[in-house]
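Printed here is model_32.cif (mmCIF, C-alpha atoms):
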data_query
#
loop_
_atom_site.label_atom_id
_atom_site.label_comp_id
_atom_site.auth_asym_id
_atom_site.auth_seq_id
_atom_site.Cartn_x
_atom_site.Cartn_y
_atom_site.Cartn_z
CA MET A 1 68.80 14.69 155.28
CA THR A 2 68.42 18.15 154.03
CA THR A 3 69.78 18.85 150.54
CA THR A 4 71.47 22.18 149.88
CA PRO A 5 70.01 24.00 146.84
CA LYS A 6 72.43 24.43 143.97
CA ILE A 7 73.21 27.99 142.69
CA ASN A 8 73.26 28.25 138.94
CA PRO A 9 76.74 29.48 137.95
CA LEU A 10 77.26 32.59 135.77
CA ILE A 11 77.97 32.14 132.15
CA SER A 12 81.62 31.44 131.75
CA GLY A 13 84.05 29.85 129.41
CA PRO A 14 83.26 29.63 125.70
CA GLY A 15 79.68 30.68 126.22
CA LEU A 16 80.67 34.03 127.73
CA LEU A 17 83.18 34.70 124.97
CA GLN A 18 80.63 33.99 122.27
CA MET A 19 78.12 36.30 123.89
CA LEU A 20 80.63 39.20 124.11
CA MET A 21 81.62 38.81 120.49
CA GLY A 22 78.00 38.89 119.47
CA ILE A 23 77.43 42.08 121.41
CA LEU A 24 80.47 43.71 119.79
CA LEU A 25 79.29 42.77 116.33
CA MET A 26 75.87 44.26 116.99
CA VAL A 27 77.37 47.50 118.35
CA SER A 28 79.75 47.85 115.42
CA ALA A 29 76.94 47.24 112.98
CA SER A 30 74.82 49.95 114.64
CA VAL A 31 77.58 52.64 114.68
CA PRO A 32 77.40 54.91 111.62
CA GLY A 33 80.47 54.91 109.43
CA ALA A 34 81.92 51.74 110.98
CA THR A 35 82.81 50.22 107.65
CA SER A 36 85.90 48.83 106.10
CA ASP A 37 86.86 52.33 104.88
CA SER A 38 87.85 53.28 108.43
CA GLU A 39 90.40 50.55 108.74
CA PRO A 40 93.33 52.60 107.31
CA LYS A 41 92.65 55.38 109.83
CA LYS A 42 92.76 52.87 112.68
CA GLY A 43 96.02 51.60 111.33
CA ASN A 44 97.50 55.14 111.29
CA VAL A 45 96.42 55.88 114.84
CA LYS A 46 97.87 52.63 116.04
CA ALA A 47 101.18 53.39 114.33
CA LEU A 48 101.31 56.82 115.97
CA ASP A 49 100.48 55.33 119.35
CA ARG A 50 103.15 52.68 118.95
CA LEU A 51 105.66 55.34 117.90
CA HIS A 52 104.85 57.61 120.80
CA ALA A 53 104.97 54.76 123.31
CA GLY A 54 108.27 53.50 121.93
CA LEU A 55 109.94 56.93 121.90
CA PHE A 56 109.00 58.05 125.39
CA LEU A 57 109.19 54.80 127.33
CA ASN A 58 111.28 55.51 130.44
CA TYR A 59 111.76 59.14 129.26
CA ASP A 60 112.51 61.82 131.85
CA SER A 61 111.51 65.31 130.70
CA ASP A 62 113.63 66.92 133.44
CA VAL A 63 116.93 65.56 132.13
CA GLN A 64 118.76 67.21 129.26
CA PRO A 65 119.09 64.80 126.31
CA GLN A 66 122.45 63.40 125.23
CA PHE A 67 124.08 63.58 121.84
CA GLN A 68 127.31 61.73 121.10
CA GLY A 69 127.93 61.13 124.77
CA SER A 70 127.54 64.75 126.00
CA PRO A 71 124.62 67.07 126.76
CA THR A 72 123.02 68.16 123.54
CA ASN A 73 123.69 71.64 122.19
CA VAL A 74 120.88 74.12 121.73
CA SER A 75 120.71 76.46 118.74
CA LEU A 76 118.79 79.70 119.03
CA GLY A 77 117.52 82.01 116.32
CA MET A 78 115.28 85.06 116.34
CA VAL A 79 112.80 86.51 113.85
CA ILE A 80 111.87 90.09 114.76
CA ASN A 81 108.36 91.31 113.98
CA TYR A 82 108.25 94.75 115.61
CA ILE A 83 110.36 97.02 117.80
CA ASP A 84 109.74 100.18 119.79
CA ILE A 85 111.94 102.25 122.09
CA ASP A 86 110.69 104.00 125.21
CA GLU A 87 113.05 106.94 125.71
CA LEU A 88 111.69 108.00 129.11
CA ASN A 89 112.25 104.55 130.67
CA GLY A 90 115.29 103.59 128.59
CA LYS A 91 113.85 100.32 127.25
CA MET A 92 113.47 98.61 123.90
CA THR A 93 110.39 96.44 123.40
CA THR A 94 110.77 93.61 120.87
CA HIS A 95 108.04 91.38 119.47
CA CYS A 96 109.64 88.31 117.94
CA TRP A 97 109.61 84.58 117.26
CA LEU A 98 112.29 82.32 118.68
CA ASN A 99 113.62 79.35 116.76
CA ILE A 100 114.87 76.84 119.38
CA ARG A 101 116.40 73.60 118.12
CA TRP A 102 118.14 70.66 119.80
CA ARG A 103 118.76 66.97 119.07
CA ASP A 104 118.25 63.72 120.99
CA GLU A 105 120.03 60.69 119.55
CA GLN A 106 117.64 58.29 121.32
CA ARG A 107 114.50 59.76 119.75
CA VAL A 108 114.93 58.47 116.21
CA TRP A 109 112.86 56.01 114.17
CA HIS A 110 112.50 54.60 110.68
CA PRO A 111 109.43 56.09 108.99
CA SER A 112 108.87 52.89 106.97
CA GLU A 113 108.11 51.00 110.19
CA TYR A 114 105.44 53.48 111.26
CA ASP A 115 103.36 54.08 108.14
CA ASN A 116 105.86 56.68 106.82
CA ILE A 117 105.38 59.06 109.75
CA THR A 118 108.31 61.51 109.58
CA GLU A 119 107.22 64.12 112.12
CA ILE A 120 105.11 64.28 115.24
CA THR A 121 103.83 67.14 117.38
CA LEU A 122 104.19 67.09 121.17
CA ARG A 123 103.20 69.26 124.09
CA SER A 124 106.10 71.20 125.56
CA SER A 125 105.39 69.65 128.95
CA GLU A 126 105.98 66.14 127.53
CA VAL A 127 109.62 66.68 126.59
CA TRP A 128 112.69 68.46 127.87
CA THR A 129 112.83 72.06 126.65
CA PRO A 130 115.52 74.68 127.40
CA GLN A 131 114.36 77.41 129.73
CA ILE A 132 115.11 80.47 127.59
CA THR A 133 115.05 83.83 129.36
CA LEU A 134 116.12 87.44 128.86
CA PHE A 135 119.08 88.38 131.03
CA ASN A 136 118.92 92.19 130.67
CA GLY A 137 115.22 92.92 130.88
CA ASP A 138 112.05 92.86 132.94
CA GLU A 139 111.22 89.47 134.48
CA GLY A 140 113.02 87.55 131.75
CA GLY A 141 110.43 88.36 129.08
CA LEU A 142 107.16 86.69 128.11
CA LEU A 143 107.53 83.36 126.28
CA ALA A 144 104.37 81.63 125.01
CA ASP A 145 103.78 77.92 125.68
CA THR A 146 103.75 76.36 122.21
CA GLN A 147 104.01 72.83 120.88
CA VAL A 148 107.22 71.03 119.94
CA THR A 149 107.82 69.17 116.71
CA LEU A 150 110.05 66.06 116.52
CA THR A 151 111.38 64.66 113.25
CA HIS A 152 112.42 61.07 112.61
CA ASP A 153 116.17 61.95 112.82
CA GLY A 154 115.84 63.15 116.44
CA HIS A 155 115.63 66.94 115.87
CA PHE A 156 113.36 68.90 118.22
CA ARG A 157 112.10 72.32 117.21
CA ARG A 158 110.08 74.88 119.11
CA MET A 159 109.05 78.32 117.78
CA PRO A 160 107.31 80.31 120.53
CA PRO A 161 106.34 83.99 120.16
CA ALA A 162 108.10 86.20 122.68
CA LEU A 163 107.81 89.73 124.03
CA TYR A 164 111.03 91.17 125.43
CA SER A 165 111.57 94.51 127.13
CA ALA A 166 115.32 95.04 127.43
CA TYR A 167 117.21 97.83 129.16
CA CYS A 168 118.99 100.07 126.69
CA ASP A 169 121.73 102.66 127.15
CA LEU A 170 120.27 105.53 125.14
CA ASN A 171 122.35 108.29 123.59
CA MET A 172 120.04 111.24 122.92
CA LEU A 173 122.75 113.68 121.85
CA ASN A 174 121.65 113.79 118.20
CA TRP A 175 117.92 113.61 118.86
CA PRO A 176 115.74 113.58 116.76
CA HIS A 177 118.23 112.23 114.17
CA ASP A 178 119.64 109.68 116.58
CA LYS A 179 120.62 106.05 116.22
CA GLN A 180 120.17 103.80 119.21
CA THR A 181 122.12 100.59 119.82
CA CYS A 182 120.29 98.10 122.03
CA LYS A 183 121.18 94.55 123.00
CA LEU A 184 119.08 91.50 123.81
CA LYS A 185 120.89 88.94 125.96
CA ILE A 186 118.88 85.75 125.60
CA GLY A 187 119.95 82.41 127.02
CA SER A 188 119.42 79.83 129.74
CA TRP A 189 120.89 79.62 133.23
CA GLY A 190 121.48 75.89 132.79
CA LEU A 191 123.17 75.90 129.38
CA LYS A 192 126.82 76.74 128.83
CA VAL A 193 126.73 76.51 125.04
CA ILE A 194 124.11 78.04 122.76
CA LEU A 195 124.75 77.99 119.03
CA PRO A 196 123.44 80.46 116.43
CA ASP A 197 120.63 78.91 114.42
CA ASN A 198 121.46 78.70 110.70
CA SER A 199 118.67 76.34 109.71
CA THR A 200 117.22 78.93 107.33
CA GLY A 201 120.33 78.82 105.17
CA LYS A 202 121.40 82.34 106.13
CA ASP A 203 124.68 83.35 107.69
CA LYS A 204 123.00 84.98 110.64
CA SER A 205 120.57 83.79 113.28
CA LEU A 206 118.82 87.15 113.46
CA ASP A 207 116.17 87.88 110.83
CA HIS A 208 114.18 91.10 110.47
CA ASP A 209 113.33 90.99 106.76
CA ASN A 210 109.59 90.73 107.50
CA LEU A 211 109.65 93.45 110.13
CA VAL A 212 106.41 95.35 110.61
CA GLN A 213 107.53 98.93 110.10
CA SER A 214 107.39 101.02 113.24
CA PRO A 215 106.08 104.58 112.79
CA GLU A 216 109.27 105.93 114.35
CA TRP A 217 112.07 103.33 114.18
CA GLU A 218 113.87 101.42 111.46
CA ILE A 219 116.49 98.69 111.97
CA VAL A 220 119.60 99.62 109.97
CA ASP A 221 122.05 97.05 111.33
CA SER A 222 122.04 93.87 113.42
CA ARG A 223 124.37 91.11 114.54
CA ALA A 224 124.32 88.04 116.78
CA GLU A 225 127.10 86.37 118.74
CA PHE A 226 127.46 83.82 121.51
CA VAL A 227 128.81 84.99 124.87
CA SER A 228 130.18 82.38 127.27
CA GLN A 229 130.28 82.86 131.03
CA ASP A 230 131.36 80.70 133.93
CA TYR A 231 128.03 79.04 134.63
CA ASN A 232 125.94 79.82 131.58
CA GLY A 233 125.99 81.24 128.08
CA TYR A 234 123.68 83.42 126.05
CA MET A 235 123.13 84.81 122.59
CA GLU A 236 123.69 88.55 122.36
CA TYR A 237 121.55 90.16 119.67
CA THR A 238 122.61 93.73 118.86
CA LEU A 239 120.13 95.98 117.06
CA VAL A 240 120.92 99.42 115.64
CA ALA A 241 117.71 101.39 115.15
CA LYS A 242 117.44 104.73 113.36
CA ARG A 243 114.71 107.21 114.19
CA LEU A 244 112.41 108.24 111.35
CA SER A 245 112.39 112.00 112.02
CA SER A 246 110.69 113.61 109.04
CA MET A 247 107.90 114.98 111.23
CA TYR A 248 110.35 116.76 113.52
CA THR A 249 111.39 119.08 110.67
CA ALA A 250 108.03 120.81 110.81
CA VAL A 251 107.64 120.56 114.58
CA ILE A 252 111.11 121.68 115.73
CA TYR A 253 113.33 123.11 113.01
CA THR A 254 110.83 125.39 111.26
CA PRO A 255 109.90 127.22 114.51
CA ALA A 256 113.61 127.49 115.38
CA SER A 257 114.32 129.16 112.02
CA CYS A 258 111.44 131.59 112.53
CA VAL A 259 112.71 132.48 116.01
CA VAL A 260 116.19 133.27 114.68
CA ILE A 261 114.85 135.37 111.79
CA LEU A 262 112.58 137.42 114.06
CA ALA A 263 115.33 137.89 116.64
CA LEU A 264 117.69 139.29 113.98
CA SER A 265 115.06 141.39 112.22
CA ALA A 266 114.38 143.27 115.47
CA PHE A 267 117.82 144.92 115.13
CA TRP A 268 116.68 146.62 111.90
CA LEU A 269 113.77 148.48 113.44
CA PRO A 270 114.37 152.21 114.07
CA PRO A 271 116.14 152.76 117.39
CA HIS A 272 113.28 154.79 118.90
CA MET A 273 111.01 151.71 118.47
CA GLY A 274 112.69 150.01 121.39
CA GLY A 275 109.35 149.10 122.96
CA GLU A 276 108.38 147.07 119.91
CA LYS A 277 111.80 145.37 119.89
CA ILE A 278 111.49 144.39 123.56
CA MET A 279 107.97 143.08 122.93
CA ILE A 280 109.20 140.89 120.03
CA ASN A 281 112.00 139.49 122.17
CA GLY A 282 109.57 138.84 125.01
CA LEU A 283 107.23 136.87 122.75
CA LEU A 284 110.15 134.85 121.39
CA ILE A 285 111.31 134.08 124.93
CA ILE A 286 107.84 132.74 125.78
CA VAL A 287 107.83 130.55 122.65
CA ILE A 288 111.26 129.10 123.45
CA ALA A 289 110.28 128.48 127.07
CA ALA A 290 107.24 126.53 125.82
CA PHE A 291 109.48 124.40 123.57
CA LEU A 292 111.84 123.68 126.46
CA MET A 293 108.91 122.50 128.58
CA TYR A 294 107.83 120.28 125.67
CA PHE A 295 111.32 118.78 125.48
CA ALA A 296 111.34 118.18 129.23
CA GLN A 297 108.17 116.08 128.97
CA LEU A 298 109.24 114.24 125.81
CA LEU A 299 112.86 113.39 126.60
CA PRO A 300 114.51 111.68 129.57
CA VAL A 301 116.61 113.71 131.96
CA LEU A 302 120.16 112.70 131.01
CA SER A 303 123.21 114.10 132.71
CA ASN A 304 125.85 113.17 130.15
CA ASN A 305 124.32 113.75 126.72
CA THR A 306 121.77 116.54 126.55
CA PRO A 307 120.26 116.68 123.03
CA LEU A 308 121.83 119.32 120.81
CA VAL A 309 118.39 120.61 119.86
CA VAL A 310 117.69 121.40 123.51
CA LEU A 311 121.07 123.15 123.78
CA PHE A 312 120.22 125.22 120.69
CA TYR A 313 116.90 126.39 122.15
CA SER A 314 118.35 127.10 125.59
CA THR A 315 121.28 129.06 124.10
CA THR A 316 118.87 131.00 121.89
CA LEU A 317 116.94 131.89 125.02
CA LEU A 318 120.14 133.29 126.50
CA PHE A 319 120.87 135.26 123.31
CA LEU A 320 117.39 136.79 123.37
CA SER A 321 117.86 137.86 126.98
CA VAL A 322 121.12 139.61 126.07
CA SER A 323 119.43 141.13 123.01
CA THR A 324 116.70 142.58 125.22
CA ILE A 325 119.30 144.30 127.40
CA ILE A 326 120.97 145.73 124.29
CA GLU A 327 117.63 147.05 123.01
CA VAL A 328 117.06 148.82 126.33
CA LEU A 329 120.44 150.52 125.89
CA VAL A 330 119.65 151.43 122.28
CA LEU A 331 116.30 152.89 123.29
CA TYR A 332 118.03 155.03 125.92
CA LEU A 333 120.63 156.31 123.45
CA ALA A 334 117.98 157.20 120.87
CA THR A 335 115.36 158.88 123.09
CA ALA A 336 117.16 160.39 126.09
CA LYS A 337 117.86 164.16 126.14
CA HIS A 338 121.61 164.28 125.88
CA LYS A 339 123.24 167.52 127.05
CA ARG A 340 126.71 166.43 126.09
CA ARG A 341 127.98 166.24 122.59
CA LEU A 342 128.99 162.94 121.05
CA PRO A 343 132.79 162.58 121.13
CA GLU A 344 134.25 163.99 117.93
CA ALA A 345 136.26 160.87 117.11
CA LEU A 346 133.18 158.70 117.40
CA ARG A 347 131.15 161.17 115.38
CA LYS A 348 133.68 161.08 112.55
CA LEU A 349 133.55 157.28 112.53
CA LEU A 350 129.77 157.31 112.23
CA HIS A 351 129.92 159.81 109.36
CA GLY A 352 132.89 158.07 107.75
CA ASN A 353 133.73 154.58 106.55
CA LEU A 354 132.17 152.85 109.55
CA GLY A 355 128.88 154.55 108.81
CA THR A 356 129.11 153.46 105.19
CA TRP A 357 129.74 149.84 106.14
CA LEU A 358 126.83 149.93 108.59
CA LEU A 359 124.53 151.52 105.99
CA LEU A 360 124.25 154.73 108.00
CA SER A 361 125.01 157.09 105.13
CA GLN A 362 121.31 157.54 104.37
CA PHE A 363 120.91 159.07 107.85
CA SER A 364 124.04 161.28 107.71
CA THR A 365 123.66 165.04 107.90
CA THR A 366 125.87 167.99 108.67
CA GLY A 367 123.27 170.54 109.63
CA GLY A 368 120.04 170.96 111.46
CA ALA A 369 118.08 171.26 108.22
CA GLU A 370 118.96 167.68 107.23
CA ALA A 371 118.14 166.46 110.70
CA GLU A 372 114.57 167.68 110.25
CA LYS A 373 114.09 165.05 107.52
CA THR A 374 114.75 162.13 109.86
CA LYS A 375 111.61 162.24 111.99
CA GLU A 376 112.02 158.74 113.41
CA MET A 377 115.17 159.94 115.15
CA ASP A 378 113.68 163.13 116.60
CA GLU A 379 111.49 162.09 119.52
CA HIS A 380 111.98 163.64 122.96
CA LEU A 381 113.78 166.73 121.61
CA TYR A 382 114.38 169.98 123.40
CA ASP A 383 111.49 172.40 123.51
CA ASN A 384 113.66 175.13 121.98
CA PRO A 385 115.68 173.35 119.34
CA ASP A 386 117.32 176.50 118.06
CA GLU A 387 118.48 177.61 121.47
CA GLN A 388 122.22 178.15 121.53
CA ASP A 389 124.42 178.72 124.48
CA ALA A 390 125.36 182.17 123.13
CA THR A 391 125.87 183.65 126.56
CA SER A 392 128.45 181.07 127.46
CA PRO A 393 131.41 182.61 129.18
CA LEU A 394 133.58 180.52 126.90
CA GLY A 395 132.51 182.71 123.99
CA ILE A 396 131.67 179.76 121.67
CA ASN A 397 130.58 180.89 118.20
CA PRO A 398 126.87 179.97 117.91
CA THR A 399 127.25 179.18 114.24
CA GLU A 400 129.92 176.64 115.03
CA ALA A 401 128.13 175.00 117.96
CA PRO A 402 125.73 172.25 116.88
CA GLY A 403 122.06 172.63 117.67
CA SER A 404 120.20 170.31 120.03
CA LYS A 405 118.55 168.53 117.10
CA ALA A 406 121.89 167.82 115.47
CA ASN A 407 123.26 166.62 118.81
CA GLN A 408 120.24 164.37 119.32
CA PHE A 409 120.62 163.08 115.78
CA ASP A 410 124.21 162.03 116.46
CA TRP A 411 123.16 160.03 119.50
CA ALA A 412 120.34 158.41 117.54
CA LEU A 413 122.86 157.59 114.82
CA LEU A 414 125.05 155.95 117.46
CA ALA A 415 122.04 153.89 118.64
CA THR A 416 121.44 152.75 115.08
CA ALA A 417 125.12 151.82 114.72
CA VAL A 418 124.90 149.74 117.92
CA ASP A 419 121.89 147.93 116.49
CA ARG A 420 123.69 147.17 113.23
CA ILE A 421 126.87 146.03 114.96
CA PHE A 422 125.00 143.64 117.24
CA PHE A 423 123.01 142.40 114.25
CA VAL A 424 126.29 141.23 112.74
CA VAL A 425 127.47 139.82 116.09
CA PHE A 426 124.26 137.88 116.70
CA SER A 427 124.16 136.65 113.10
CA LEU A 428 127.62 135.14 113.53
CA ALA A 429 126.65 133.78 116.95
CA PHE A 430 123.53 132.04 115.58
CA LEU A 431 125.57 130.69 112.65
CA VAL A 432 128.18 129.19 114.97
CA LEU A 433 125.44 127.82 117.23
CA ALA A 434 123.65 126.20 114.28
CA ILE A 435 126.91 124.59 113.08
CA CYS A 436 127.77 123.29 116.55
CA CYS A 437 124.27 121.91 117.10
CA ALA A 438 123.84 120.55 113.58
CA VAL A 439 122.77 116.90 113.60
#
Translate this structure into structure tokens?
Amino acid sequence: MTTTPKINPLISGPGLLQMLMGILLMVSASVPGATSDSEPKKGNVKALDRLHAGLFLNYDSDVQPQFQGSPTNVSLGMVINYIDIDELNGKMTTHCWLNIRWRDEQRVWHPSEYDNITEITLRSSEVWTPQITLFNGDEGGLLADTQVTLTHDGHFRRMPPALYSAYCDLNMLNWPHDKQTCKLKIGSWGLKVILPDNSTGKDKSLDHDNLVQSPEWEIVDSRAEFVSQDYNGYMEYTLVAKRLSSMYTAVIYTPASCVVILALSAFWLPPHMGGEKIMINGLLIIVIAAFLMYFAQLLPVLSNNTPLVVLFYSTTLLFLSVSTIIEVLVLYLATAKHKRRLPEALRKLLHGNLGTWLLLSQFSTTGGAEAEKTKEMDEHLYDNPDEQDATSPLGINPTEAPGSKANQFDWALLATAVDRIFFVVFSLAFLVLAICCAV
């Protein structure tokens, strides 16, 4: 009878247990730092693991937590770090931190039972978080994925950095001394109630005390309020930003003052220097046209509120065009060979009170001898200045008829009077324009 060989069984029972314990003791003895000093750390880790396992057992991160039998409320606050406004695209860019808080009555514990742990940090994907978005901007804004803190009384808190680019209804009428009012509508499509966050002890949930100063904009006023709609709600943050426009004084207003001064000073040049007057006006027209092109590239094309500065420059361009036409007329009056005498009534006005008011008395003369002294008025004269129409059939007394030089002088005096009158008219026009366009 053949006997079947017996197979030695594996070590089992108490022998196996003793062998495993021996191996563990040897491994623990060979690991550096595995001493009794590490026992408190192991105890802490175990308490945190127990706490985490107990809090999130059967927890669904897709379901909004409950508080006092109803969906928990979410409070939202904002801390602004930096703002900038893009005038051409009509947008306000805001760099900020959000302060999102909510409460879950089932996520509470007693710190004494878990080695006095009062707060834990969680990944945002582990818990339910409100989906905060920007309603009036590009793609809802950029919201960073940050961790969530949970305190022992069930309060969740998340503070992600955000970058929002919101549409803004710009009013450029008073540019560059304008104030722009822009709104950020921040909320969640699934939440009907969002409360202002007052956890900082302030009366407002919008903080910009630590704002990094923009080179062009300064926040002068702000407010926050909750807006409820049929299917959702959002916090509406209103920011009033004032432009810091000290640089524009040198860039815009100083050249405008120089243009006005040069345009008015051209009226005081002698009337026969009409070519120089037209050249000055032409140069000023080119300068203003360059400024208008600069404004067209810098500012948005708005149909309802054109900046007053642009209106000032464009109106000044129109004034200079009219001034050029007047200078052409003045040049004609002063240099053309006039065969007709100046009307006597007009001549008496020029040599009377009107001439005194217009400072023409220094040019006044009653004879040809005095007219010789005013050489700037005597261009393009007759070749025979003393020629008199003595053979006239009307029998005019030659001594009573004015010479050609005296006749030419009267017309030049009229040209000077036209210059002085339009100097007053344009001075008043520029004054009214400056008052109307003052910002």
Output check: residues returned by the PyMOL selection byres ((chain A and resi 174) around 7), as a list in words: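 Expected selection for the PyMOL selection byres ((chain A and resi 174) around 7) here is Met172, Leu173, Trp175, Pro176, His177, Asp178, Pro307, Leu308 and Val439 of chain A.
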Picked residues, the PyMOL selection byres ((chain A and resi 422) around 12), as JSON, numbers by chain: {"A": [263, 264, 265, 266, 267, 268, 319, 320, 322, 323, 324, 325, 326, 327, 329, 330, 358, 415, 416, 417, 418, 419, 420, 421, 423, 424, 425, 426, 427, 428, 429, 430]}
Two-atom distance - atom CA of Gly233 of chain A, atom CA of Leu191 of chain A (Å):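 If I compute the distance from atom CA of Gly233 of chain A to atom CA of Leu191 of chain A, I get 6.2 Å.
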Separation of atom CA of Ile83 of chain A from atom CA of Ile252 of chain A, in Å and rounded to one decimal: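 We find that atom CA of Ile83 of chain A and atom CA of Ile252 of chain A lie 24.8 Å from each other.
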Selection: 9 Å around Asn232 of chain A, all atoms listed in the file, excl. self and same-chain fewer than 4 positions, as a PyMOL selection string: chain A and resi 187-193+227-228
Expected selection from the PyMOL selection byres ((chain A and resi 146) around 10), given as an MDAnalysis selection string: chainID A and resid 122:125 143:145 147:149 158:161
A:Lys277, A:Arg107, A:His272, A:Lys339 ranked by distance to Gly54 of chain A, top pick (using only C-alpha atoms): A:Arg107
Atom CA of Val74 of chain A to atom CA of Leu98 of chain A, straight-line distance in Å: 12.3 Å
Pick from A:Leu211, A:Val309, A:Ile120, A:Met273, whichever lies nearest to His152 of chain A using only C-alpha atoms: A:Ile120
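Distances from A:Arg347, A:Arg50, A:Lys405, A:Arg101 to Ile132 of chain A were compared using only C-alpha atoms, and the smallest one belongs to A:Arg101.
With all atoms listed in the file as the basis for measurement, A:Gln106 is the residue among A:Thr238, A:Asn136, A:Ser61, A:Gln106 that approaches Asp153 of chain A most closely.
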